[in-house]
Amino acid sequence: GCGECVEACPEAAISIVDGKAVINELLCSGCGACIPACPKGALDQQGLTEEQLKAQIRGILERSEAEIKILAFVEREVAYTAVDLAGLARLEYPSSIRIIPLPSMSRLKLEHILYAFAYGADGVMLLEAPEHEGPYGKAHVISEERADDYRWELEDHGVDSVRLWYSRVYVPDWRKLKKVFTTFHDMIADEGPLDEETRIQLREELG
């Protein structure tokens with residue numbers, strides 16, 4: 001084992017034994033930060049496998065009939081609580097927004113974001129919890145660095161970095177979510193839908 005996952009784990013729950021990654025389930029929080037770190041794709045997550053996550057992404061985008069499609073990955077404890085409160089308060093936000101909850105944005109690979117663009121997304125939002133909050137707090141620190149990397153790597157795949165949004169959401173921020181969603185929707189509407197040629201190219205790259 002190369003040990004990349006050991007370095008990435010915010011809970012120090014992974015060790016290399018006889019050349020293989022071994023996860024201490026008592027220490028593991030289930031944040032998923034180790035998965036994108038593995039260059040060989042040898043790690044997966046029970047209950048949120050690569051196959052399941054891709055099926056969610058594709059399914060939610062294919063069901064959307066919105067003219068502009070925005071996929072929002074939302075940290076499921078803190079940030080999603082804010083989204084939930086906004087819904088209970090009947091704050092309306094653009095119908096372009098579709099939400100997938102995740103333990104942490106550190107679970108996402110660049111591949112997942114490219115997959116979203118390949119199968120219909122015109123914009124992708126990453127709404128993370130504040131640093132050190134919630135059960136996956138330490139992982140939220142990692143996710144911002146990765147998001148910055150992903151933003152620039154998107155350009156190499158023909159997708160403008162403006163199409164990826166990252167921000168942290170506190171529970172009291174639920175009142176501001178309408179503005180956050182509307183601002184990004186307007187940005188993407190100005191950019192226009194991602195061209196079909198880029199989507200086809202991405203699907204070929206992803207295999």
# chains A, B, ... in the order shown; residues from 1 in each chain; ligands from 1
>>> closest_atom_pairs(of="segment 118-207 of chain A", to="segment 84-93 of chain A", cutoff="7 Å", atoms="only C-alpha atoms", output="tab-separated table")
residue	atom	partner	partner_atom	distance
A:Trp174	CA	A:Ala86	CA	5.3
A:Arg175	CA	A:Ala86	CA	6.5
A:Lys178	CA	A:Tyr93	CA	5.2
A:Phe181	CA	A:Tyr93	CA	6.4
A:Thr182	CA	A:Tyr93	CA	6.4
>>> write_last_selection(atoms="N, CA and C atoms", output="PDB file, in the first residue's frame")
ATOM      1  N   TRP A 174     -29.575  29.342   7.427  1.00  0.00           N
ATOM      2  CA  TRP A 174     -30.667  28.869   6.581  1.00  0.00           C
ATOM      3  C   TRP A 174     -31.421  30.024   5.911  1.00  0.00           C
ATOM      4  N   ARG A 175     -31.469  31.157   6.575  1.00  0.00           N
ATOM      5  CA  ARG A 175     -32.162  32.318   5.991  1.00  0.00           C
ATOM      6  C   ARG A 175     -31.429  32.856   4.760  1.00  0.00           C
ATOM      7  N   LYS A 178     -31.459  30.949   0.364  1.00  0.00           N
ATOM      8  CA  LYS A 178     -32.166  31.376  -0.845  1.00  0.00           C
ATOM      9  C   LYS A 178     -31.255  32.266  -1.693  1.00  0.00           C
ATOM     10  N   PHE A 181     -28.343  30.093  -3.227  1.00  0.00           N
ATOM     11  CA  PHE A 181     -28.812  29.300  -4.369  1.00  0.00           C
ATOM     12  C   PHE A 181     -29.141  30.191  -5.573  1.00  0.00           C
ATOM     13  N   THR A 182     -29.806  31.306  -5.309  1.00  0.00           N
ATOM     14  CA  THR A 182     -30.201  32.205  -6.401  1.00  0.00           C
ATOM     15  C   THR A 182     -28.985  32.843  -7.067  1.00  0.00           C
TER      16      THR A 182
END
>>> residues_around(residues="Leu206 of chain A", least_positions_apart="2", cutoff="9 Å", atoms="only C-alpha atoms", output="ChimeraX atom specification")
/A:111,114-115,118,201-204
>>> residues_around(residues="Leu127 of chain A", least_positions_apart="3", cutoff="7 Å", atoms="only C-alpha atoms", output="list in words")
Phe73, Val74, Glu75, Ala79, Tyr166, Ser167, Arg168 and Val169 of chain A
>>> write_last_selection(atoms="C-alpha atoms", output="JSON list (two decimals), in the first residue's frame")
[["chain", "number", "residue", "atom", "x", "y", "z"],
["A", 73, "PHE", "CA", -23.83, 18.15, -2.74],
["A", 74, "VAL", "CA", -24.71, 19.03, 0.85],
["A", 75, "GLU", "CA", -23.00, 17.89, 4.07],
["A", 79, "ALA", "CA", -25.44, 22.09, 6.20],
["A", 166, "TYR", "CA", -17.90, 25.81, -2.60],
["A", 167, "SER", "CA", -19.08, 27.37, 0.64],
["A", 168, "ARG", "CA", -19.53, 26.51, 4.29],
["A", 169, "VAL", "CA", -23.01, 26.58, 5.78]]
>>> select_by_dssp(residues="segment 8-179 of chain A", states="alpha helix (DSSP H)", output="ChimeraX atom specification")
/A:8,34-37,50-63,79-88,110-118,139-156,177-179
>>> closest_residue(among="A:Ile142, A:Val180, A:Leu126, A:Ile68", to="Cys9 of chain A", atoms="only C-alpha atoms")
A:Ile142
>>> atom_distance(atom1="atom CA of Gly59 of chain A", atom2="atom CA of Val83 of chain A")
20.8 Å
>>> residues_around(residues="Glu144 of chain A", least_positions_apart="3", cutoff="9 Å", atoms="only C-alpha atoms", output="list of chain:residue names")
A:Met105, A:Ser106, A:Glu128, A:His140, A:Val141, A:Ala147, A:Asp148, A:Asp149, A:Tyr166, A:Ser167
>>> residues_around(residues="Asp190 of chain A", least_positions_apart="4", cutoff="12 Å", atoms="only C-alpha atoms", output="list in words")
Ile68, Asp122, Gly123, Val162, Arg163, Thr183, Phe184, His185, Asp186 and Leu194 of chain A
>>> closest_residue(among="A:Ser96, A:Ser15, A:Thr198, A:Ser143", to="Gly158 of chain A", atoms="only C-alpha atoms")
A:Thr198
>>> atom_distance(atom1="atom CA of Tyr150 of chain A", atom2="atom CA of Met125 of chain A")
12.2 Å
>>> residues_around(residues="Lys20 of chain A", least_positions_apart="4", cutoff="10 Å", atoms="only C-alpha atoms", output="PDB file with C-alpha atoms, in the first residue's frame")
ATOM      1  CA  GLY A   1       0.000   0.000   0.000  1.00  0.00           C
ATOM      2  CA  CYS A   2       1.206   3.518  -0.808  1.00  0.00           C
ATOM      3  CA  GLY A   3      -0.136   5.019   2.428  1.00  0.00           C
ATOM      4  CA  ILE A  14      -6.111   3.566   8.828  1.00  0.00           C
ATOM      5  CA  SER A  15      -2.871   1.646   9.045  1.00  0.00           C
ATOM      6  CA  ILE A  16      -0.905  -0.375   6.493  1.00  0.00           C
ATOM      7  CA  ALA A  42      -9.113   0.352  -3.874  1.00  0.00           C
TER       8      ALA A  42
END
>>> select_by_dssp(residues="segment 4-198 of chain A", states="strand (DSSP E or B)", output="ChimeraX atom specification")
/A:14-17,20-23,70-75,97-102,123-128,164-168
>>> atom_distance(atom1="atom CA of Asn24 of chain A", atom2="atom CA of Tyr136 of chain A")
15.9 Å
